[in-house]
Structures are given as C-alpha cells and as structure tokens.
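Dumped query.tsv below, it's TSV, C-alpha atoms:
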chain	number	residue	atom	x	y	z
A	1	MET	CA	27.13	-0.46	7.97
A	2	LYS	CA	25.13	-2.36	5.37
A	3	GLN	CA	22.00	-0.29	5.90
A	4	ILE	CA	23.69	2.99	4.94
A	5	ALA	CA	22.61	4.56	1.64
A	6	SER	CA	25.49	6.67	0.35
A	7	ARG	CA	24.52	7.22	-3.29
A	8	ILE	CA	20.78	6.68	-3.57
A	9	SER	CA	17.72	7.97	-1.75
A	10	ILE	CA	15.70	6.07	0.84
A	11	TYR	CA	12.01	5.22	0.80
A	12	SER	CA	9.38	7.08	2.77
A	13	ALA	CA	9.24	5.79	6.36
A	14	ASP	CA	6.66	3.51	7.96
A	15	ALA	CA	5.14	6.31	10.06
A	16	PHE	CA	4.48	8.23	6.85
A	17	GLY	CA	2.88	5.12	5.37
A	18	VAL	CA	0.37	5.11	8.24
A	19	CYS	CA	-0.48	8.77	7.67
A	20	SER	CA	-0.75	8.34	3.91
A	21	ALA	CA	-3.05	5.33	4.20
A	22	LEU	CA	-5.39	7.13	6.62
A	23	TYR	CA	-5.10	10.65	5.21
A	24	GLU	CA	-8.54	10.94	3.60
A	25	LEU	CA	-10.59	9.11	6.23
A	26	GLY	CA	-11.26	11.88	8.73
A	27	GLY	CA	-9.03	10.54	11.49
A	28	LEU	CA	-6.60	12.28	13.83
A	29	CYS	CA	-3.10	11.01	12.99
A	30	VAL	CA	-0.28	11.84	15.41
A	31	MET	CA	3.38	11.07	14.79
A	32	HIS	CA	5.12	10.81	18.17
A	33	ASP	CA	8.36	12.67	17.62
A	34	ALA	CA	10.25	15.82	18.54
A	35	SER	CA	9.83	17.72	15.30
A	36	GLY	CA	10.83	17.40	11.68
A	37	CYS	CA	8.90	14.26	10.74
A	38	ASN	CA	5.74	16.18	9.99
A	39	SER	CA	7.46	18.71	7.74
A	40	THR	CA	9.36	15.96	5.92
A	41	TYR	CA	6.10	14.08	5.38
A	42	ASN	CA	4.01	16.98	4.13
A	43	THR	CA	6.81	18.53	2.06
A	44	HIS	CA	8.12	15.45	0.26
A	45	ASP	CA	5.72	12.54	0.69
A	46	GLU	CA	2.18	13.94	0.75
A	47	PRO	CA	1.07	15.53	-2.53
A	48	ARG	CA	-2.45	16.06	-1.14
A	49	TRP	CA	-1.22	18.33	1.67
A	50	TYR	CA	-2.07	21.68	0.08
A	51	ASP	CA	-5.36	20.65	-1.52
A	52	PHE	CA	-6.97	18.20	0.92
A	53	ASP	CA	-7.33	19.00	4.62
A	54	SER	CA	-6.34	16.28	7.06
A	55	MET	CA	-5.62	16.09	10.78
A	56	VAL	CA	-1.97	15.02	10.75
A	57	TYR	CA	0.06	16.29	13.69
A	58	ILE	CA	3.37	15.88	15.50
A	59	SER	CA	3.49	15.39	19.28
A	60	GLY	CA	6.46	17.69	19.90
A	61	LEU	CA	8.32	15.23	22.12
A	62	SER	CA	10.95	17.13	24.12
A	63	GLU	CA	14.39	15.91	25.16
A	64	MET	CA	13.40	15.93	28.83
A	65	GLU	CA	10.23	13.95	28.13
A	66	ALA	CA	12.27	11.40	26.19
A	67	ILE	CA	14.78	11.04	29.04
A	68	MET	CA	12.43	11.13	32.04
A	69	GLY	CA	9.27	9.83	30.42
A	70	ASP	CA	5.96	11.69	30.33
A	71	ASP	CA	3.36	9.66	28.46
A	72	GLN	CA	0.60	11.49	30.32
A	73	LYS	CA	1.35	14.74	28.47
A	74	PHE	CA	1.16	12.85	25.16
A	75	ILE	CA	-2.17	11.33	26.20
A	76	ASP	CA	-3.60	14.61	27.49
A	77	ASP	CA	-2.66	16.48	24.30
A	78	ILE	CA	-4.35	13.89	22.10
A	79	VAL	CA	-7.48	13.70	24.27
A	80	TYR	CA	-7.82	17.49	24.29
A	81	THR	CA	-7.34	17.73	20.52
A	82	ALA	CA	-9.73	14.87	19.83
A	83	LYS	CA	-12.47	16.50	21.91
A	84	GLU	CA	-11.95	19.73	19.98
A	85	LEU	CA	-11.90	18.19	16.49
A	86	SER	CA	-14.15	15.08	16.89
A	87	PRO	CA	-12.24	12.82	14.45
A	88	ASN	CA	-13.60	9.53	13.13
A	89	PHE	CA	-10.72	7.73	14.81
A	90	ILE	CA	-7.31	8.39	16.36
A	91	ALA	CA	-4.05	6.88	15.09
A	92	MET	CA	-0.60	7.17	16.65
A	93	ALA	CA	2.58	6.30	14.80
A	94	GLY	CA	5.98	5.79	16.34
A	95	THR	CA	9.37	7.14	15.21
A	96	PRO	CA	12.95	6.31	16.29
A	97	ILE	CA	12.87	8.18	19.64
A	98	PRO	CA	9.77	6.48	21.14
A	99	THR	CA	11.16	3.19	19.83
A	100	MET	CA	14.38	3.71	21.81
A	101	ILE	CA	12.51	4.61	25.02
A	102	GLY	CA	10.01	1.76	24.64
A	103	THR	CA	6.74	3.66	24.24
A	104	ASP	CA	3.78	1.26	24.51
A	105	PHE	CA	1.44	2.60	21.82
A	106	LYS	CA	-1.17	-0.10	22.25
A	107	ALA	CA	-1.51	0.63	25.96
A	108	ILE	CA	-1.72	4.37	25.29
A	109	ALA	CA	-4.35	3.72	22.60
A	110	ASN	CA	-6.48	1.82	25.12
A	111	ILE	CA	-6.28	4.69	27.61
A	112	ILE	CA	-7.18	7.32	25.00
A	113	GLU	CA	-10.08	5.30	23.65
A	114	LYS	CA	-11.56	4.91	27.14
A	115	GLU	CA	-11.31	8.65	27.73
A	116	THR	CA	-12.68	9.76	24.36
A	117	ASN	CA	-14.91	6.87	23.21
A	118	ILE	CA	-13.24	7.28	19.81
A	119	PRO	CA	-11.69	4.23	18.06
A	120	THR	CA	-7.94	4.52	18.64
A	121	PHE	CA	-5.01	2.76	17.02
A	122	GLY	CA	-1.43	2.59	18.24
A	123	PHE	CA	1.04	1.55	15.54
A	124	ASP	CA	4.47	0.37	16.62
A	125	THR	CA	6.23	1.94	13.65
A	126	THR	CA	9.88	2.81	14.20
A	127	GLY	CA	10.90	5.09	11.34
A	128	MET	CA	13.43	2.40	10.38
A	129	HIS	CA	11.19	0.56	7.92
A	130	SER	CA	9.56	1.69	4.69
A	131	TYR	CA	6.11	3.16	4.09
A	132	VAL	CA	4.90	-0.25	2.91
A	133	SER	CA	5.14	-1.61	6.45
A	134	GLY	CA	3.17	1.28	7.93
A	135	ALA	CA	0.45	1.38	5.28
A	136	TYR	CA	0.07	-2.42	5.51
A	137	LYS	CA	-0.54	-2.14	9.26
A	138	ALA	CA	-2.94	0.77	8.86
A	139	PHE	CA	-5.14	-0.93	6.24
A	140	GLU	CA	-5.14	-4.20	8.18
A	141	ALA	CA	-6.16	-2.36	11.36
A	142	LEU	CA	-9.01	-0.60	9.52
A	143	ALA	CA	-10.33	-3.94	8.29
A	144	LYS	CA	-10.17	-5.55	11.71
A	145	ARG	CA	-11.82	-2.62	13.47
A	146	PHE	CA	-14.51	-1.43	11.08
A	147	LEU	CA	-15.54	-4.45	8.98
A	148	LYS	CA	-18.05	-6.82	10.48
A	149	ARG	CA	-17.71	-10.59	10.33
A	150	ASN	CA	-20.30	-12.25	8.09
A	151	ASP	CA	-21.30	-15.59	9.62
A	152	LYS	CA	-24.40	-16.13	7.51
A	153	GLU	CA	-22.53	-17.95	4.81
A	154	SER	CA	-19.27	-19.84	5.33
A	155	ARG	CA	-16.60	-20.23	2.70
A	156	VAL	CA	-17.59	-23.91	2.33
A	157	GLU	CA	-21.20	-22.94	1.65
A	158	LYS	CA	-20.06	-20.40	-0.87
A	159	LYS	CA	-18.01	-22.99	-2.74
A	160	GLU	CA	-21.11	-25.18	-3.04
A	161	SER	CA	-22.78	-22.40	-5.03
A	162	ILE	CA	-19.90	-21.96	-7.50
A	163	ASP	CA	-21.70	-23.63	-10.42
A	164	LYS	CA	-24.78	-21.47	-10.01
A	165	GLU	CA	-22.76	-18.27	-9.71
A	166	SER	CA	-20.64	-19.18	-12.73
A	167	ARG	CA	-23.77	-19.31	-14.88
A	168	GLU	CA	-24.97	-15.96	-13.57
A	169	ALA	CA	-21.62	-14.14	-13.45
A	170	LYS	CA	-21.66	-12.88	-17.04
A	171	ASN	CA	-24.85	-10.91	-16.50
A	172	THR	CA	-24.28	-9.52	-13.02
A	173	ILE	CA	-22.35	-6.55	-11.71
A	174	ILE	CA	-19.39	-7.62	-9.61
A	175	LYS	CA	-18.67	-5.61	-6.47
A	176	VAL	CA	-15.00	-4.94	-5.83
A	177	ASN	CA	-12.68	-3.12	-3.42
A	178	ILE	CA	-9.34	-1.68	-4.52
A	179	LEU	CA	-6.77	-2.26	-1.77
A	180	GLY	CA	-3.38	-0.61	-1.39
A	181	ALA	CA	-3.87	2.70	-3.20
A	182	THR	CA	-1.87	5.61	-1.77
A	183	PRO	CA	-0.06	8.48	-3.53
A	184	LEU	CA	3.23	7.09	-2.25
A	185	ASP	CA	2.86	4.43	-4.94
A	186	PHE	CA	0.45	5.97	-7.44
A	187	SER	CA	1.03	9.71	-6.96
A	188	ILE	CA	-1.85	12.05	-7.91
A	189	ASN	CA	-1.64	11.61	-11.69
A	190	LYS	CA	-5.13	10.06	-12.07
A	191	SER	CA	-3.81	6.48	-11.87
A	192	VAL	CA	-6.25	5.50	-9.12
A	193	GLU	CA	-9.14	7.16	-10.95
A	194	ALA	CA	-8.10	5.23	-14.07
A	195	MET	CA	-8.35	1.95	-12.13
A	196	VAL	CA	-11.85	2.84	-10.98
A	197	ASP	CA	-12.90	3.81	-14.52
A	198	LEU	CA	-11.44	0.60	-15.97
A	199	LEU	CA	-13.38	-1.52	-13.51
A	200	LYS	CA	-16.63	0.36	-14.14
A	201	GLU	CA	-16.21	-0.06	-17.90
A	202	ASN	CA	-16.00	-3.81	-17.36
A	203	ASN	CA	-19.20	-4.20	-15.34
A	204	PHE	CA	-17.73	-3.80	-11.86
A	205	GLU	CA	-19.08	-1.68	-9.03
A	206	VAL	CA	-16.25	-0.21	-6.93
A	207	ILE	CA	-17.40	-0.33	-3.31
A	208	SER	CA	-14.32	1.35	-1.85
A	209	THR	CA	-10.78	2.37	-2.69
A	210	TRP	CA	-8.28	1.94	0.18
A	211	ALA	CA	-7.66	4.75	0.57
A	212	MET	CA	-7.87	7.42	-2.14
A	213	GLY	CA	-11.24	8.79	-3.15
A	214	SER	CA	-13.22	6.91	-0.49
A	215	SER	CA	-14.44	8.16	2.86
A	216	LEU	CA	-14.50	6.01	5.99
A	217	GLU	CA	-18.19	5.26	5.34
A	218	TYR	CA	-17.30	3.66	2.01
A	219	ILE	CA	-14.48	1.73	3.68
A	220	LYS	CA	-16.95	0.36	6.25
A	221	ASN	CA	-19.06	-1.06	3.40
A	222	ALA	CA	-16.11	-3.03	1.98
A	223	GLY	CA	-17.52	-6.25	3.41
A	224	ASP	CA	-20.28	-6.11	0.77
A	225	ALA	CA	-17.79	-6.77	-2.04
A	226	ASP	CA	-17.59	-9.98	-4.05
A	227	VAL	CA	-13.84	-9.74	-4.63
A	228	ASN	CA	-10.85	-7.57	-3.72
A	229	LEU	CA	-8.18	-6.21	-6.05
A	230	VAL	CA	-4.80	-5.80	-4.31
A	231	VAL	CA	-2.83	-3.23	-6.31
A	232	SER	CA	0.18	-2.94	-3.97
A	233	TYR	CA	1.63	-4.89	-1.07
A	234	SER	CA	0.21	-2.31	1.36
A	235	GLY	CA	-3.22	-3.84	0.80
A	236	MET	CA	-2.29	-7.47	1.48
A	237	GLY	CA	-3.06	-7.43	5.22
A	238	ALA	CA	-6.59	-6.16	4.68
A	239	ALA	CA	-7.10	-8.61	1.80
A	240	LYS	CA	-6.06	-11.59	3.92
A	241	TYR	CA	-8.29	-10.49	6.78
A	242	MET	CA	-11.32	-10.10	4.49
A	243	TYR	CA	-10.67	-13.48	2.90
A	244	GLU	CA	-10.35	-15.30	6.22
A	245	ASN	CA	-13.17	-13.50	8.04
A	246	LEU	CA	-15.58	-12.17	5.40
A	247	ASN	CA	-15.11	-14.84	2.72
A	248	ILE	CA	-14.02	-12.30	0.10
A	249	PRO	CA	-11.38	-13.69	-2.30
A	250	TYR	CA	-8.74	-11.48	-3.86
A	251	VAL	CA	-6.73	-10.94	-7.02
A	252	ILE	CA	-3.19	-9.61	-6.70
A	253	GLY	CA	-2.07	-7.30	-9.49
A	254	THR	CA	-1.95	-3.70	-10.69
A	255	PRO	CA	-4.13	-3.31	-13.83
A	256	PHE	CA	-1.42	-2.45	-16.33
A	257	ALA	CA	-2.95	-5.24	-18.45
A	258	ASN	CA	-6.52	-6.52	-18.95
A	259	LYS	CA	-5.54	-9.86	-17.42
A	260	VAL	CA	-6.52	-8.41	-14.03
A	261	ILE	CA	-10.09	-7.88	-15.22
A	262	GLU	CA	-10.34	-11.46	-16.47
A	263	ASP	CA	-8.96	-12.79	-13.20
A	264	LEU	CA	-11.39	-10.78	-11.07
A	265	LYS	CA	-14.32	-12.32	-12.95
A	266	GLU	CA	-12.82	-15.78	-12.58
A	267	VAL	CA	-12.15	-15.39	-8.86
A	268	LYS	CA	-15.69	-14.12	-8.30
A	269	SER	CA	-16.84	-17.54	-9.47
A	270	THR	CA	-14.13	-19.85	-8.09
A	271	LYS	CA	-13.62	-18.09	-4.74
A	272	GLU	CA	-9.92	-18.94	-5.03
A	273	ASN	CA	-7.31	-16.21	-4.63
A	274	LYS	CA	-5.09	-15.54	-7.62
A	275	ILE	CA	-1.86	-13.75	-8.55
A	276	SER	CA	-2.66	-12.13	-11.87
A	277	TYR	CA	0.91	-11.96	-13.19
A	278	SER	CA	1.91	-15.50	-12.21
A	279	ASN	CA	2.25	-16.94	-15.74
A	280	ARG	CA	4.88	-14.48	-16.98
A	281	LYS	CA	7.75	-16.06	-18.91
A	282	ILE	CA	10.81	-16.62	-16.69
A	283	ASP	CA	14.38	-16.05	-17.90
A	284	LYS	CA	17.43	-15.77	-15.63
A	285	ASP	CA	19.14	-13.59	-18.26
A	286	ALA	CA	16.20	-11.26	-18.78
A	287	GLU	CA	16.45	-8.32	-21.16
A	288	ILE	CA	14.86	-5.88	-18.71
A	289	THR	CA	15.09	-5.44	-14.93
A	290	ILE	CA	12.48	-3.50	-12.95
A	291	VAL	CA	13.30	-2.10	-9.50
A	292	GLY	CA	10.49	-1.11	-7.16
A	293	GLU	CA	7.45	-2.17	-5.15
A	294	SER	CA	6.76	-5.87	-5.61
A	295	ILE	CA	3.17	-6.09	-6.90
A	296	MET	CA	3.41	-3.01	-9.12
A	297	SER	CA	6.76	-4.13	-10.56
A	298	GLU	CA	5.62	-7.70	-11.17
A	299	SER	CA	2.45	-6.43	-12.86
A	300	LEU	CA	4.46	-4.08	-15.07
A	301	ALA	CA	6.85	-6.89	-15.93
A	302	TYR	CA	3.90	-9.03	-17.01
A	303	ALA	CA	2.46	-6.24	-19.16
A	304	ILE	CA	5.81	-5.61	-20.86
A	305	SER	CA	6.42	-9.29	-21.51
A	306	LYS	CA	2.99	-9.68	-23.11
A	307	GLU	CA	2.90	-6.47	-25.11
A	308	LYS	CA	6.55	-6.22	-26.14
A	309	ASN	CA	7.53	-9.90	-26.02
A	310	LYS	CA	10.48	-9.04	-23.79
A	311	THR	CA	11.86	-11.07	-20.91
A	312	VAL	CA	11.73	-9.19	-17.61
A	313	ASN	CA	12.79	-9.80	-14.04
A	314	VAL	CA	12.04	-7.86	-10.86
A	315	ILE	CA	14.03	-6.60	-7.89
A	316	SER	CA	11.70	-5.75	-5.03
A	317	SER	CA	13.43	-2.94	-3.16
A	318	LEU	CA	10.75	-2.92	-0.45
A	319	GLU	CA	9.37	-5.33	2.12
A	320	THR	CA	7.15	-8.00	0.59
A	321	ASP	CA	6.14	-11.65	0.77
A	322	GLU	CA	8.53	-13.82	-1.25
A	323	LYS	CA	5.51	-15.78	-2.52
A	324	LEU	CA	4.48	-12.71	-4.51
A	325	LEU	CA	7.69	-12.84	-6.56
A	326	LEU	CA	8.27	-15.16	-9.49
A	327	GLU	CA	11.21	-17.49	-9.93
A	328	GLY	CA	14.44	-15.57	-10.40
A	329	ASP	CA	13.08	-12.34	-8.95
A	330	LYS	CA	14.73	-11.02	-5.80
A	331	ILE	CA	14.19	-8.94	-2.68
A	332	ALA	CA	17.02	-6.43	-2.19
A	333	ILE	CA	16.38	-3.72	0.38
A	334	PHE	CA	19.82	-2.18	0.86
A	335	GLU	CA	21.94	-0.17	-1.55
A	336	ASP	CA	24.81	-2.68	-1.78
A	337	ASP	CA	22.42	-5.59	-2.39
A	338	ILE	CA	20.52	-3.75	-5.10
A	339	GLU	CA	23.75	-2.77	-6.84
A	340	LYS	CA	24.91	-6.40	-6.90
A	341	CYS	CA	21.59	-7.54	-8.36
A	342	LEU	CA	21.89	-4.92	-11.12
A	343	LYS	CA	25.50	-5.53	-12.12
A	344	ASN	CA	24.63	-7.57	-15.24
A	345	SER	CA	21.39	-5.80	-16.16
A	346	LYS	CA	21.10	-4.54	-19.74
A	347	THR	CA	18.01	-2.36	-19.45
A	348	ILE	CA	16.79	-1.04	-16.11
A	349	ILE	CA	13.42	0.53	-15.27
A	350	ALA	CA	13.54	2.39	-11.95
A	351	ASP	CA	13.22	5.69	-10.18
A	352	PRO	CA	15.88	8.08	-11.54
A	353	LEU	CA	17.56	8.27	-8.13
A	354	PHE	CA	18.65	4.64	-8.59
A	355	ARG	CA	20.83	5.66	-11.55
A	356	PRO	CA	24.09	6.07	-9.53
A	357	ILE	CA	24.20	2.35	-8.68
A	358	CYS	CA	23.33	1.07	-12.16
A	359	PRO	CA	26.00	-0.17	-14.61
A	360	LEU	CA	27.34	2.69	-16.73
A	361	ASP	CA	26.67	0.80	-19.96
A	362	SER	CA	23.06	-0.08	-19.07
A	363	ASN	CA	20.05	1.43	-20.80
A	364	PHE	CA	18.24	3.30	-17.99
A	365	ILE	CA	14.51	4.02	-18.31
A	366	SER	CA	13.21	6.49	-15.75
A	367	LEU	CA	10.01	5.58	-13.88
A	368	PRO	CA	9.75	7.95	-10.88
A	369	HIS	CA	8.28	6.63	-7.65
A	370	GLU	CA	6.75	9.18	-5.27
A	371	ALA	CA	7.81	7.22	-2.18
A	372	PHE	CA	11.47	7.23	-3.29
A	373	SER	CA	12.17	10.56	-4.96
A	374	GLY	CA	9.31	12.54	-3.42
A	375	ARG	CA	8.23	15.67	-5.25
A	376	ILE	CA	11.39	15.97	-7.39
A	377	TYR	CA	10.02	14.06	-10.40
A	378	ARG	CA	6.30	14.20	-9.53
A	379	ASP	CA	5.39	15.86	-12.83
A	380	GLU	CA	7.14	13.06	-14.72
A	381	ILE	CA	5.27	10.15	-13.13
A	382	PRO	CA	3.19	8.58	-15.92
A	383	ASN	CA	-0.29	7.14	-15.62
A	384	ILE	CA	0.11	3.77	-17.35
A	385	ILE	CA	-3.02	2.05	-16.08
A	386	ASN	CA	-4.44	0.01	-18.98
A	387	LYS	CA	-2.38	1.93	-21.54
A	388	SER	CA	-0.02	0.85	-24.28
A	389	LEU	CA	3.54	0.66	-23.06
Let me see whether you can do it: turn the structure in this file into structure tokens.
Amino acid sequence: MKQIASRISIYSADAFGVCSALYELGGLCVMHDASGCNSTYNTHDEPRWYDFDSMVYISGLSEMEAIMGDDQKFIDDIVYTAKELSPNFIAMAGTPIPTMIGTDFKAIANIIEKETNIPTFGFDTTGMHSYVSGAYKAFEALAKRFLKRNDKESRVEKKESIDKESREAKNTIIKVNILGATPLDFSINKSVEAMVDLLKENNFEVISTWAMGSSLEYIKNAGDADVNLVVSYSGMGAAKYMYENLNIPYVIGTPFANKVIEDLKEVKSTKENKISYSNRKIDKDAEITIVGESIMSESLAYAISKEKNKTVNVISSLETDEKLLLEGDKIAIFEDDIEKCLKNSKTIIADPLFRPICPLDSNFISLPHEAFSGRIYRDEIPNIINKSL
C-alpha cells in the first residue's frame, strides 16, 4: 500500500508528459484509453489548451475491445485521422488499460508509419509513472528521429581545437538549445521566455527550446548548437543523445543564478559536460529543504545558498538520476517516504499541496508546481529566472 497518496496530490502522469512535450510541434498525439485521460490532461495539466491548438486525442477504448482485443480499430482510426489532418508526426501514449492487456505500441507504430508515411512513435507509458518519465522519452525520441548524426568532426577532433576556440570564444555568439521546458514544470508565467532573453543578453543564440516556443523545424536544427542547457530532467535523454552522437556538450541547471551562463561559456570551450549547481555547500542539518523536480530544485538550492548564505538540501519527489543530486539530498517518490524525509525540516519550500505532510512547527514557503497542483495555484507560480530571491 506504500504507493497510495492519502493526504497529498499526485504528479501529472507519464502519458500527459508525452503530450505536453510534443504539444506545440504539430504532431498527432493519441492517448490510448477509454475516456477521462484527455479531459484530466486538458483541464488540469495543459494551460495552453484554450489558447494554442494542438492535435491531442483519446482513442475511446471500449470494454469489449480491452477484453477481446481490437488493435486494428485503433490503427484504422489513427490512419484515417492522420490522412485528414496531415500531422508532422504521430505519437501514441499508453495508459493503465493497454498496459494490462499488453498493447505493443512499437509494433503498432511501425504499421501506422508504413500506411501513412508519417514518422510515428509508440511510447510504452503506463499512467503509473510521472510526467517526467513521459516527457523524457518524448524528447529523446525526437532527438533520435529528427536530428542527423554529424560525422565530419569527432569528439576527439573537437577536443584538439579547444585552445583555438578558447581564444575566440569571448568574441563569438554561442549557439544553444534549451532542453526540458514544458508548462508542467515552468507553467506559462514567462519563465521560458525569461530564459531565452537571459541567454540572448549574454551573447547566445537560442537555436531551439524543447519544447515551448519552437516549432518542429527549429527542433530539427538543434544539431547546429554548440552547447545544450538542460533545465529539467525531462531534457536529459535528448542531451545525452546529442552529446554521444552530435558531439554537443551540455550544462545541467535552471538559470536561477548567473552561474549557468558562465558554465555554458566554459563548456563551449572545454567540451566537457557540467552540473552547474555542483559546488553548493553541503550540510546534513540544512536550514531549508526544497521538495520538487531534481534539476530545478537543486538549481534553486544553489541560488538560495549563494544569495542568502543559507544551507539547503533537496528532496527529489520525481524520477531522476541519483548522480544529479548532491550529497545528503534524497529521492523520495511516495507520500510516506517524503514525510519521513521532512520530519526534522525547519523551513520547507514546496507546492502548497505538500503542506499536510510537513511538520506542524515548520516554516512552510509555498512554491506551486503546475504538474502537482494543476491549475489551482497557477496564478501564484512566480517567474524567478535570474531574479533576486
């Protein structure tokens, strides 16, 4: 019963993460489910729904189809719709029912692509994991499908030119991609636009933003970048792929502090990946605890420690790579585990729906997270990109 949340909310599901990541790219996104998932997604988890048209649909899986099996109807519906709408690509996302009946999304994707000649993705999401998992898979799949391998210059050859590039770096514009930007993490409060503006002010050219404010054509040009900025864990899969296949290094960190800008310029020269918040002061009895997405929370902890000279630790309440956390920070996904981690916390920064499991005598600072509390506190989500805390 450990996975039950009795007092707090739950995060947006992995299928919604797929749809959110691909929302602005002109694709046909289909959640394979009976009904309900689509309305939950567009009502609570997609702030762009009423202002930005997108082809997000539900398959309408019936009870009889689930029991007897009828993948052909699913395939036929998608093929018909795709021929009517001519999307840039097709993406299917699974939910609990197709997971239980063993739907093979990759096989179905192959069939649909052959019939339509449209790039098609089948994501084995289950509805039992968070949006981070789905968005991670979606961005990684985009990179693998639409970005071309650059064999003209190997990583070794690039490293041989480090000295020359270091001398020229100060006077050249650096091309950068922003990876991992969705409203589930950053809402629609101009945070993503603030990141783009900050980079432009510091002599960067933003090639693409994955995936808010960039069309698929911009995404396809991401291989032209000199460096990637990973602002949430959702972007790590694409970043790793581009590093290994396109020789593009990356910096991990949300730009709550100017350290990210410095690190991007350094990585452009060294070609070595870097975690921007890695030198934050560690203290097992920290004054402040932050609960939330790993990269955003670690970056905020770094900014607070530098600006306010406070000790901070992080509880990642979502899937992440342990290597992205600093010593003493923890991954706690379930309600009981999070509550145990918070039992001695003095000051807590988290979404307000975490308040019921926080110590009564703790100082609670509200920082709403779209993926956790949905639209309830949307108007209270601050834009703190490169701003005083």
Quiz item: For Phe354 in chain A, which of A:Leu85, A:Ile8, A:Cys29, A:Ala21 is the closest residue, counting all atoms listed in the file?
Solution: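 Selected residue with least distance to Phe354 in chain A: A:Ile8.
Between CA of Leu179 in chain A and CA of Lys310 in chain A there is a distance of 28.8 Å.
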Practice problem: Go through A:Tyr241, A:Ala34, A:Phe186, A:Glu140 and flag the residue nearest Glu63 in chain A, using all atoms listed in the file for the distances. | Solution: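 The answer is A:Ala34, which sits nearest to Glu63 in chain A.
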Self-check item: Selected residue of minimal separation from Ser305 in chain A among A:Arg280, A:Lys144, A:Arg375, A:Lys323, counting only C-alpha atoms
Solution: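 So, comparing all the options, the nearest one is A:Arg280.
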Quiz item: Between A:Phe89, A:Tyr136, A:Trp49, A:Tyr302, which one has atoms that come closest to Thr120 in chain A, using only C-alpha atoms?
Solution: A:Phe89
Quiz item: Using only C-alpha atoms, which of the listed residues (A:Ile188, A:Ala238, A:Val79, A:Ile97) sits closest to Phe146 in chain A?
Solution: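 Using only C-alpha atoms, the shortest distance to Phe146 in chain A belongs to A:Ala238.
Here CA of Cys341 in chain A is placed at a distance of 24.3 Å from CA of Ile275 in chain A.
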Self-check item: Atom-to-atom span, CA of Pro87 in chain A and CA of Asp45 in chain A, Å
Solution: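 Atom-to-atom, CA of Pro87 in chain A and CA of Asp45 in chain A are spaced 22.6 Å apart.
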Quiz item: Looking at A:Asn363, A:Thr103, A:Ser215, A:Asn38, which one is nearest to Ile67 in chain A, with distances taken over all atoms listed in the file?
Solution: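 The closest residue to Ile67 in chain A is A:Thr103.
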Quiz prompt | Selection: 12 Å around Ala239 in chain A, all atoms listed in the file, excl. self and same-chain fewer than 3 positions, as a ChimeraX atom specification | solution = /A:136-137,139-144,147,176-180,210,222-223,225,227-236,242-252,273-274
Self-check item: Contacts of Pro368 in chain A within 9 Å, only C-alpha atoms, excl. fewer than 2 positions in-chain, as a PyMOL selection string
Solution: chain A and resi 350-353+366+370-374+376-378+380-382
Selection above as a file: C-alpha atoms, as a compact mmCIF listing (two decimals), in the coordinates of the input:
# COMPACT_ATOMS: atom_id res chain seq x y z
CA ALA A 350 13.54 2.39 -11.95
CA ASP A 351 13.22 5.69 -10.18
CA PRO A 352 15.88 8.08 -11.54
CA LEU A 353 17.56 8.27 -8.13
CA SER A 366 13.21 6.49 -15.75
CA GLU A 370 6.75 9.18 -5.27
CA ALA A 371 7.81 7.22 -2.18
CA PHE A 372 11.47 7.23 -3.29
CA SER A 373 12.17 10.56 -4.96
CA GLY A 374 9.31 12.54 -3.42
CA ILE A 376 11.39 15.97 -7.39
CA TYR A 377 10.02 14.06 -10.40
CA ARG A 378 6.30 14.20 -9.53
CA GLU A 380 7.14 13.06 -14.72
CA ILE A 381 5.27 10.15 -13.13
CA PRO A 382 3.19 8.58 -15.92
Student task, range 286-290 of chain A output with all heavy atoms as a PDB file, in the first residue's frame:
ATOM      1  N   ALA A 286      20.579  21.049   7.190  1.00  0.00           N
ATOM      2  CA  ALA A 286      20.341  22.276   6.433  1.00  0.00           C
ATOM      3  C   ALA A 286      19.178  23.078   7.000  1.00  0.00           C
ATOM      4  O   ALA A 286      18.248  22.536   7.591  1.00  0.00           O
ATOM      5  CB  ALA A 286      20.067  21.935   4.967  1.00  0.00           C
ATOM      6  N   GLU A 287      19.264  24.396   6.814  1.00  0.00           N
ATOM      7  CA  GLU A 287      18.208  25.291   7.307  1.00  0.00           C
ATOM      8  C   GLU A 287      16.935  25.207   6.479  1.00  0.00           C
ATOM      9  O   GLU A 287      15.832  25.453   6.971  1.00  0.00           O
ATOM     10  CB  GLU A 287      18.724  26.737   7.290  1.00  0.00           C
ATOM     11  CG  GLU A 287      19.962  26.970   8.148  1.00  0.00           C
ATOM     12  CD  GLU A 287      20.614  28.298   7.854  1.00  0.00           C
ATOM     13  OE1 GLU A 287      20.212  29.302   8.465  1.00  0.00           O
ATOM     14  OE2 GLU A 287      21.517  28.340   6.983  1.00  0.00           O
ATOM     15  N   ILE A 288      17.086  24.881   5.182  1.00  0.00           N
ATOM     16  CA  ILE A 288      15.959  24.876   4.255  1.00  0.00           C
ATOM     17  C   ILE A 288      15.920  23.554   3.493  1.00  0.00           C
ATOM     18  O   ILE A 288      16.964  23.014   3.105  1.00  0.00           O
ATOM     19  CB  ILE A 288      16.073  26.041   3.245  1.00  0.00           C
ATOM     20  CG1 ILE A 288      16.088  27.388   3.978  1.00  0.00           C
ATOM     21  CG2 ILE A 288      14.929  26.014   2.231  1.00  0.00           C
ATOM     22  CD1 ILE A 288      16.400  28.556   3.066  1.00  0.00           C
ATOM     23  N   THR A 289      14.721  23.035   3.274  1.00  0.00           N
ATOM     24  CA  THR A 289      14.521  21.840   2.450  1.00  0.00           C
ATOM     25  C   THR A 289      13.602  22.190   1.288  1.00  0.00           C
ATOM     26  O   THR A 289      12.547  22.793   1.479  1.00  0.00           O
ATOM     27  CB  THR A 289      13.880  20.697   3.261  1.00  0.00           C
ATOM     28  OG1 THR A 289      14.726  20.378   4.367  1.00  0.00           O
ATOM     29  CG2 THR A 289      13.696  19.461   2.391  1.00  0.00           C
ATOM     30  N   ILE A 290      14.016  21.807   0.080  1.00  0.00           N
ATOM     31  CA  ILE A 290      13.205  22.036  -1.117  1.00  0.00           C
ATOM     32  C   ILE A 290      12.690  20.695  -1.623  1.00  0.00           C
ATOM     33  O   ILE A 290      13.454  19.734  -1.745  1.00  0.00           O
ATOM     34  CB  ILE A 290      14.014  22.735  -2.229  1.00  0.00           C
ATOM     35  CG1 ILE A 290      14.533  24.091  -1.743  1.00  0.00           C
ATOM     36  CG2 ILE A 290      13.154  22.921  -3.478  1.00  0.00           C
ATOM     37  CD1 ILE A 290      15.416  24.800  -2.750  1.00  0.00           C
TER      38      ILE A 290
END
